[in-house]
Each structure stands twice: as structure tokens, then as C-alpha cells.
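The structure under discussion appears below in the form of C-alpha cells.
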Amino acid sequence: MNNNNISIEDVPLNNFHQLMSLRAGGGWILDGYVLSIIGVAIVQFSQHLQLDTFWQGMVAASAMLGTFCSGFLGGWLTDIVGRRRLFFVGPILFILGSVGTFWAESAMMLFLLRFLVGVGVGLEYPVAGSLLTEFLPQKHRGKRLAGLTILWFAGAALAYIVGNVILSIGGDAAWRLVLASPAVLGVLLFVLRLGTPESPRWLISKGRFTEAEQIIKKVYGPEFSLKNVPAESAEAKVSLKDLVRSGYGKRMLFVSVFWSAAVVPMFAVYSFAPVVLKALNLDGEWASLGSIAITLLFVVGCIGATRLIDSMGRRRLIIHSFLWSSLALLALGMFSHGSEMLVLVMFGAYAVFIGGAQVLELVYPNELFPTEVRAFAVGMGSSMSRIGSAAGTWLVPISLQSLGIEYTMYAAAIVSFIGLLVSVWLAPETRNMTLDQAASLAR
């Protein structure tokens with residue numbers, strides 16, 4: 001059979017694609033788990049270590065600060081040394097940082113260990129996202145990348161479920177087991193990723209054609225070769241130096257701002273879920289069950305958005321997502337002293353509506369940039385969003401204490417509204433495009 005005219009982007013999903021989706025998806029489950037688990041244990045370790053509001057915010061924000069630092073470095077390294085090598089670094093850092101928290105005896109030690117965990121998270125976004133993007137067929141790329149976000153929230157929900165179980169049976173020092181628990185998932189993820197090949201697209205971009213062809217034949221079949229890989233246009237081949245000076249600079253601005261607007265309110269909620277819900281008059285079982293319910297609604301919102309991503313299109317989806325989530329946060333501020341059920345309904349509405357922006361965090365950055373700078377662009381978008389998330393998370397306990405829950409929710413609504421304005425201005429449509437077409441400026 002002659003497949004010389006068939007692009008690897010047009011082949012059907014095979015067992016390798018399923019395995020790669022699992023290898024990358026496992027990283028997002030772990031990311032959601034490690035970034036959310038802090039919210040489960042924060043009340044207990046704050047009491048045990050006698051942390052004031054400053055250190056509560058610093059410890060909660062430490063993982064986001066680590067993500068900020070490693071996003072820039074990880075994206076750059078991924079484009080320089082390849083995707084496969086760094087694919088194993090994140091799980092190793094998850095294991096080391098999480099195990100270390102079991103023996104933490106000071107706020108500074110806890111901050112540094114969680115910072116290390118955040119470095120691992122920051123590496124996952126450019127490495128796993130780029131590797132998966134460059135293997136997936138065009139027809140399935142949008143939904144598969146969007147599905148990673150669903151797995152992130154599944155990991156977050158798992159963190160609240162497992163964390164609360166550990167707290168209920170672990171005694172006064174249970175928070176140590178809670179914060180160390182991601183190490184188990186880290187070991188499983190490391191083992192799962194053994195045998196992962198390098199991206200043929202990256203190898204081709206480095207002139208390593210023989211290695212690329214060997215991997216193509218192994219993944220797609222002996223009848224496939226370099227001829228089946230779509231060549232990227234000359235226009236799409238930009239250097240890192242040219243990125244901000246070309247049309248890609250505007251795309252980088254869009255990715256950084258919309259990603260930040262999507263995650264800043266969300267991480268602030270996750271890191272202080274019990275505290276925020278208590279300020280909204282939800283305490284005891286209402287707070288515990290509310291945290292789990294809201295997390296599950298985030299999953300529901302992401303599933304719904306994933307189903308709409310191809311039929312509705314990227315641009316319409318992100319605009320509607322920011323519009324309705326902004327209104328939900330505004331309503332939370334206006335009715336912050338309402339009944340428990342009303343508060344949960346408004347929080348649930350925000351969780352569902354923000355799903356569109358959440359799933360596009362991995363779709364847009366991976367589609368809008370060429371192979372040479374794809375991981376760098378994803379890493380930069382991740383880093384810029386996390387510095388905003390870190391600042392927002394650090395400010396939550398201070399804002400709750402000084403401004404109250406009403407104005408804290410208003411501030412979150414403003415952040416989401418900024419995402420809406422930038423999306424209306426800059427969000428492109430990349431539905432039904434090859435990677436070359438999506439990354440091209442000539443459209």
C-alpha cells in the first residue's frame with residue numbers, strides 16, 4: 001500500500017496515540033492533585049506551624065512561583081534538548097518535593113519543598129503538551145488536548161477526596177501524609193512514561209532525519225516515512241528572538257493574558273477553598289462537601305466545553321466562557337451573604353462556565369505557534385499565568401481579612417472580565433486547521 005500522499009496528521013487514532021494520551025494525561029492528573037492538595041491541608045498545617053496570613057499565602061503560592069520559574073526554563077530547554085528527556089523530570093520533582101514535606105518543620109521549609117513541586121508542574125505544560133500535540137492526528141487534536149484539562153480537574157477532585165479521607169483518619173499530623181501523598185502518583189507516572197519516543201517533528205527541526213524516520217515507521221507503520229510529515233512553511237519558522245517582534249508577539253500576549261485570567265480566580269479558590277467557603281457562610285460538612293462538589297462541577301464544565309470545542313469553535317467558546325463566568329463571580333460578590341444553597345449554585349455556575357477557557361489553555365498555545373518555539377510559547381504562557389496566580393493566591397487571605405469576601409469576589413470578577421475583553425480583541429479561530437495552517441500568520 002502506497003501512503004506517500006497521506007499526512008501523519010490524517011491517520012486514524014491507534015494504540016500508540018492512546019498510550020501517549022495516557023502518558024501526558026497522567027501528568028495533568030498529578031498536576032491537578034499536587035496544586036489542589038494544599039487547600040485540603042492548609043488549615044491544619046497553618047495551626048501546627050503557627051503561620052500568620054503572610055506565610056499562609058506564601059506557602060499556598062509557592063507551587064505557582066515554582067511553575068512560573070520553570071515554565072520559562074522548561075519551554076526553552078524543551079525546544080533545545082528535546083521533549084523526551086524532560087518528560088521524566090516533572091515526576092521526579094513531584095516525588096522528591098512531596099516526600100520532603102512529610103518532615104517539614106517550618107514555613108520556609110514547606111515553602112521551598114512546595115516550590116520544588118511547582119517546578120515539576122511548570123515543566124509538564126510545555127513538555128507533555130508539545131509532545132502530545134506533535135503526535136496527534138488533526139481530527140482529534142483539539143478534543144484530546146482539551147481532555148487534558150478535564151484530567152487536571154479530576155486530579156483536583158481526587159486530591160480533595162483522598163485528602164479529606166486522610167485527615168479524617170490520620171490524627172493531628174495527618175496534614176503531613178496529605179502533602180506527601182502525591183509521591184505515590186509520581187512513581188506511577190514515571191513508570192508509565194518509560195519507553196516514550198522523541199517527537200519526529202522536533203527531530204526534523206534539528207536536522208536529525210534518520211532518527212525521525214525510524215520513530216515514524218515504528219509509530220505509524222513501515223510504509224510511512226518523512227514524506228508523510230507536512231512541511232512547515234518558511235514563514236512559520238521563527239526564532240525565539242523573532243517571536244515578540246513578529247505577529248507571534250500578539251499571539252503571545254493573547255495566550256498569556258487569557259490563560260492568567262482563567263487560572264487566577266480558580267487557583268485562589270482551590271488554594272483556600274475551605275477558607276473561602278467559610279467566609280461565604282459554608283462551614284463544617286457544607287465546606288467539605290462543597291469543595292468536592294465544586295471541583296466535580298469544574299470537571300463537568302470542562303467535559304461540556306470539550307464536546308463543543310469543534311462544533312462551536314475556539315473563539316466563540318472562549319468568549320462565552322469568560323462572559324458567563326464573570327457574571328457568576330459578580331453574583332457571588334453581590335450575594336456573598338446569601339443562603340448556603342445560593343452560594344453553592346453561584347460557585348457551581350462559575351465552575352461550569354469557566355470550563356471553556358480552561359480547556360483552551362492547552363489547545364490555543366499548542367496550535368498557534370510553530371514547532372521551533374511551540375514549547376517555549378506554552379512555557380511562557382504557563383509562567384505568566386502562574387505569576388498572576390501566585391500573586392492572587394498570596395493576596396486571598398489578606399483580602400479576606402481586610403476587604404471581606406464580597407470585594408474579594410468582585411476582584412475575581414474583574415480578572416475574568418479582562419479575559420473576556422482580550423479574547424474579543426485577539427482570540428483567533430483554529431478549528432479544522434493543520435498545525436502548519438494554525439501556526440501560520442498568513443490567514
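So you can find residues: chains in the C-alpha cells are A, B, ... in the order shown, residues in each start at 1, and ligands are numbered from 1 in order.
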*Excluding Ile92 (chain A) and residues on its chain fewer than 2 positions from it, collect all residues at most 8 Å away from it, counting only C-alpha atoms, and give them as an MDAnalysis selection string.*
chainID A and resid 88:90 94:96 120 186:187 190
Using the selection just defined, write its residues with C-alpha atoms as a compact mmCIF listing (two decimals), in the first residue's frame.
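Wrote result.txt, looks like this:
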```txt
# COMPACT_ATOMS: atom_id res chain seq x y z
CA PHE A 88 10.69 12.38 33.20
CA VAL A 89 11.94 15.37 35.19
CA GLY A 90 8.48 16.50 36.38
CA PHE A 94 6.91 15.64 42.31
CA ILE A 95 8.28 12.67 44.25
CA LEU A 96 11.19 14.50 45.92
CA GLY A 120 7.87 19.99 38.23
CA GLY A 186 4.64 10.48 40.84
CA VAL A 187 6.13 6.99 40.96
CA PHE A 190 7.41 7.81 35.96
```
When you look at Ile215 (chain A) with a cut-off of 8 Å (counting only C-alpha atoms), what residues show up, excluding the ones that are within fewer than 2 positions of it in the same chain? I need them as a compact mmCIF listing (two decimals) with N, CA and C atoms, in the first residue's frame.
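Just written: out-v2.txt:
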```txt
# COMPACT_ATOMS: atom_id res chain seq x y z
N PRO A 197 8.96 7.73 22.95
CA PRO A 197 9.91 8.17 21.91
C PRO A 197 9.99 9.69 21.82
N GLU A 198 11.00 10.19 21.13
CA GLU A 198 11.12 11.61 20.87
C GLU A 198 10.14 12.03 19.78
N PRO A 200 9.06 13.22 16.32
CA PRO A 200 9.68 13.31 14.99
C PRO A 200 9.75 14.74 14.47
N GLU A 211 16.80 9.57 12.64
CA GLU A 211 16.10 9.21 13.89
C GLU A 211 14.61 9.46 13.76
N ALA A 212 14.25 10.57 13.11
CA ALA A 212 12.84 10.90 12.93
C ALA A 212 12.13 9.83 12.11
N GLU A 213 12.77 9.39 11.04
CA GLU A 213 12.14 8.38 10.17
C GLU A 213 11.97 7.05 10.90
N LYS A 217 8.25 5.25 11.42
CA LYS A 217 7.95 3.88 10.98
C LYS A 217 7.49 3.03 12.16
N LYS A 218 8.08 3.25 13.32
CA LYS A 218 7.71 2.48 14.50
C LYS A 218 6.31 2.84 14.99
N VAL A 219 5.96 4.13 14.92
CA VAL A 219 4.67 4.60 15.44
C VAL A 219 3.54 4.38 14.44
```
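Here CA of His320 (chain A) and CA of Phe353 (chain A) stand 8.0 Å from one another.
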*So how many Å separate CA of Ala293 (chain A) and CA of Gly348 (chain A), to one decimal?*
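Separating CA of Ala293 (chain A) from CA of Gly348 (chain A) is a distance of 8.0 Å.
Non-sequential neighbours of Asn14 (chain A) (distance at most 12 Å, separation of 4 or more positions within a chain, only C-alpha atoms) are A:Ile8, A:Asp10, A:Gln18, A:Leu19, A:Met20, A:Ser21, A:Phe135, A:Leu136, A:Pro137, A:His140, A:Val219, A:Tyr220, A:Gly221.
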*asked:* Report as JSON, numbers by chain all protein, DNA and RNA residues lying within 8 Å of region 71-76 of chain A, evaluated on only C-alpha atoms, omitting residues in the same chain fewer than 2 positions from it.
replied: {"A": [67, 68, 69, 78, 79, 80, 86, 119, 122, 123, 125, 126, 127, 375, 376, 377, 378, 379, 380, 381, 382, 383]}
Atoms to include: all heavy atoms. Write the selected residues as a short mmCIF file (atom, residue, chain, number, x, y, z; two decimals), in the first residue's frame.
```
data_model
loop_
_atom_site.label_atom_id
_atom_site.label_comp_id
_atom_site.auth_asym_id
_atom_site.auth_seq_id
_atom_site.Cartn_x
_atom_site.Cartn_y
_atom_site.Cartn_z
N THR A 67 6.20 27.08 39.34
CA THR A 67 5.71 26.92 37.97
C THR A 67 6.13 28.09 37.10
O THR A 67 6.52 27.92 35.93
CB THR A 67 4.18 26.79 37.96
OG1 THR A 67 3.79 25.72 38.80
CG2 THR A 67 3.65 26.54 36.56
N PHE A 68 6.07 29.29 37.66
CA PHE A 68 6.48 30.49 36.93
C PHE A 68 7.94 30.38 36.50
O PHE A 68 8.28 30.62 35.33
CB PHE A 68 6.28 31.72 37.81
CG PHE A 68 6.96 32.96 37.30
CD1 PHE A 68 6.47 33.61 36.19
CD2 PHE A 68 8.09 33.46 37.93
CE1 PHE A 68 7.09 34.76 35.71
CE2 PHE A 68 8.72 34.60 37.46
CZ PHE A 68 8.22 35.25 36.34
N CYS A 69 8.80 29.99 37.40
CA CYS A 69 10.24 29.92 37.10
C CYS A 69 10.54 28.82 36.07
O CYS A 69 11.31 29.03 35.13
CB CYS A 69 11.04 29.68 38.37
SG CYS A 69 10.96 31.03 39.56
N THR A 78 13.00 22.52 26.41
CA THR A 78 12.26 21.54 25.61
C THR A 78 12.51 21.74 24.13
O THR A 78 12.63 20.78 23.37
CB THR A 78 10.75 21.63 25.91
OG1 THR A 78 10.54 21.40 27.30
CG2 THR A 78 9.98 20.58 25.13
N ASP A 79 12.58 22.99 23.70
CA ASP A 79 12.86 23.27 22.30
C ASP A 79 14.33 23.06 21.95
O ASP A 79 14.68 22.83 20.81
CB ASP A 79 12.45 24.70 21.95
CG ASP A 79 10.93 24.86 21.85
OD1 ASP A 79 10.27 23.90 21.40
OD2 ASP A 79 10.42 25.92 22.24
N ILE A 80 15.22 23.12 22.96
CA ILE A 80 16.65 22.97 22.71
C ILE A 80 17.09 21.51 22.79
O ILE A 80 17.73 20.98 21.86
CB ILE A 80 17.48 23.80 23.72
CG1 ILE A 80 17.19 25.30 23.55
CG2 ILE A 80 18.98 23.52 23.54
CD1 ILE A 80 17.56 25.85 22.20
N LEU A 86 13.01 15.70 29.05
CA LEU A 86 12.38 16.43 30.15
C LEU A 86 11.05 15.82 30.57
O LEU A 86 10.47 16.24 31.57
CB LEU A 86 12.17 17.89 29.75
CG LEU A 86 13.45 18.71 29.54
CD1 LEU A 86 13.10 20.16 29.23
CD2 LEU A 86 14.35 18.65 30.75
N VAL A 119 8.01 23.57 40.36
CA VAL A 119 8.96 23.49 39.23
C VAL A 119 8.61 22.30 38.35
O VAL A 119 8.62 22.39 37.12
CB VAL A 119 10.41 23.38 39.75
CG1 VAL A 119 11.37 23.07 38.60
CG2 VAL A 119 10.82 24.68 40.43
N GLY A 122 5.55 23.15 36.32
CA GLY A 122 5.87 24.07 35.23
C GLY A 122 6.48 23.38 34.03
O GLY A 122 6.29 23.81 32.89
N LEU A 123 7.23 22.31 34.27
CA LEU A 123 7.83 21.56 33.17
C LEU A 123 6.79 20.77 32.39
O LEU A 123 6.93 20.54 31.19
CB LEU A 123 8.90 20.60 33.71
CG LEU A 123 10.18 21.23 34.26
CD1 LEU A 123 11.07 20.15 34.85
CD2 LEU A 123 10.92 22.01 33.19
N TYR A 125 3.72 21.44 31.42
CA TYR A 125 2.91 22.13 30.42
C TYR A 125 3.60 22.19 29.05
O TYR A 125 3.02 21.76 28.05
CB TYR A 125 2.52 23.52 30.90
CG TYR A 125 1.55 23.49 32.05
CD1 TYR A 125 1.97 23.70 33.36
CD2 TYR A 125 0.20 23.21 31.84
CE1 TYR A 125 1.07 23.64 34.42
CE2 TYR A 125 -0.70 23.15 32.90
CZ TYR A 125 -0.26 23.37 34.19
OH TYR A 125 -1.14 23.31 35.23
N PRO A 126 4.83 22.71 28.95
CA PRO A 126 5.46 22.75 27.63
C PRO A 126 5.91 21.38 27.12
O PRO A 126 5.85 21.11 25.92
CB PRO A 126 6.66 23.68 27.84
CG PRO A 126 6.98 23.58 29.29
CD PRO A 126 5.65 23.39 29.97
N VAL A 127 6.37 20.51 28.03
CA VAL A 127 6.93 19.22 27.60
C VAL A 127 5.83 18.27 27.14
O VAL A 127 5.81 17.81 25.99
CB VAL A 127 7.74 18.57 28.74
CG1 VAL A 127 8.27 17.21 28.30
CG2 VAL A 127 8.89 19.47 29.16
N ALA A 375 7.04 24.78 22.42
CA ALA A 375 7.21 24.52 23.84
C ALA A 375 7.57 25.80 24.59
O ALA A 375 7.12 26.04 25.71
CB ALA A 375 8.28 23.46 24.07
N PHE A 376 8.40 26.65 23.96
CA PHE A 376 8.76 27.92 24.59
C PHE A 376 7.52 28.78 24.80
O PHE A 376 7.33 29.39 25.87
CB PHE A 376 9.77 28.67 23.72
CG PHE A 376 10.09 30.06 24.22
CD1 PHE A 376 10.99 30.24 25.26
CD2 PHE A 376 9.49 31.17 23.66
CE1 PHE A 376 11.28 31.51 25.72
CE2 PHE A 376 9.77 32.44 24.12
CZ PHE A 376 10.67 32.61 25.16
N ALA A 377 6.66 28.86 23.80
CA ALA A 377 5.44 29.67 23.90
C ALA A 377 4.51 29.13 24.97
O ALA A 377 3.93 29.89 25.75
CB ALA A 377 4.73 29.71 22.54
N VAL A 378 4.34 27.80 25.01
CA VAL A 378 3.50 27.20 26.05
C VAL A 378 4.09 27.47 27.42
O VAL A 378 3.38 27.82 28.37
CB VAL A 378 3.34 25.69 25.81
CG1 VAL A 378 2.55 25.06 26.97
CG2 VAL A 378 2.62 25.41 24.50
N GLY A 379 5.41 27.32 27.55
CA GLY A 379 6.06 27.58 28.83
C GLY A 379 5.91 29.01 29.28
O GLY A 379 5.67 29.30 30.45
N MET A 380 6.04 29.95 28.33
CA MET A 380 5.89 31.36 28.68
C MET A 380 4.46 31.67 29.11
O MET A 380 4.23 32.38 30.09
CB MET A 380 6.28 32.25 27.50
CG MET A 380 6.12 33.74 27.78
SD MET A 380 6.69 34.81 26.42
CE MET A 380 8.46 34.62 26.59
N GLY A 381 3.48 31.12 28.37
CA GLY A 381 2.09 31.34 28.74
C GLY A 381 1.80 30.78 30.12
O GLY A 381 1.14 31.42 30.95
N SER A 382 2.32 29.58 30.39
CA SER A 382 2.14 28.96 31.69
C SER A 382 2.79 29.80 32.79
O SER A 382 2.19 30.03 33.84
CB SER A 382 2.75 27.55 31.68
OG SER A 382 2.78 27.00 32.97
N SER A 383 4.00 30.28 32.53
CA SER A 383 4.72 31.06 33.54
C SER A 383 4.01 32.36 33.85
O SER A 383 3.85 32.74 35.02
CB SER A 383 6.15 31.35 33.06
OG SER A 383 6.92 30.18 33.05
#
```
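Computed from the coordinates, the CA of Ala261 (chain A) to CA of Val415 (chain A) distance equals 5.5 Å.
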*asked:* I'd like to know which residues of region 58-298 of chain A are alpha helix (DSSP H) (by DSSP, run on the backbone); could you write them as a ChimeraX atom specification?
replied: /A:58-81,83-86,89-101,107-133,138-169,174-180,182-192,200-205,209-220,240-243,247-271,273-279,285-298
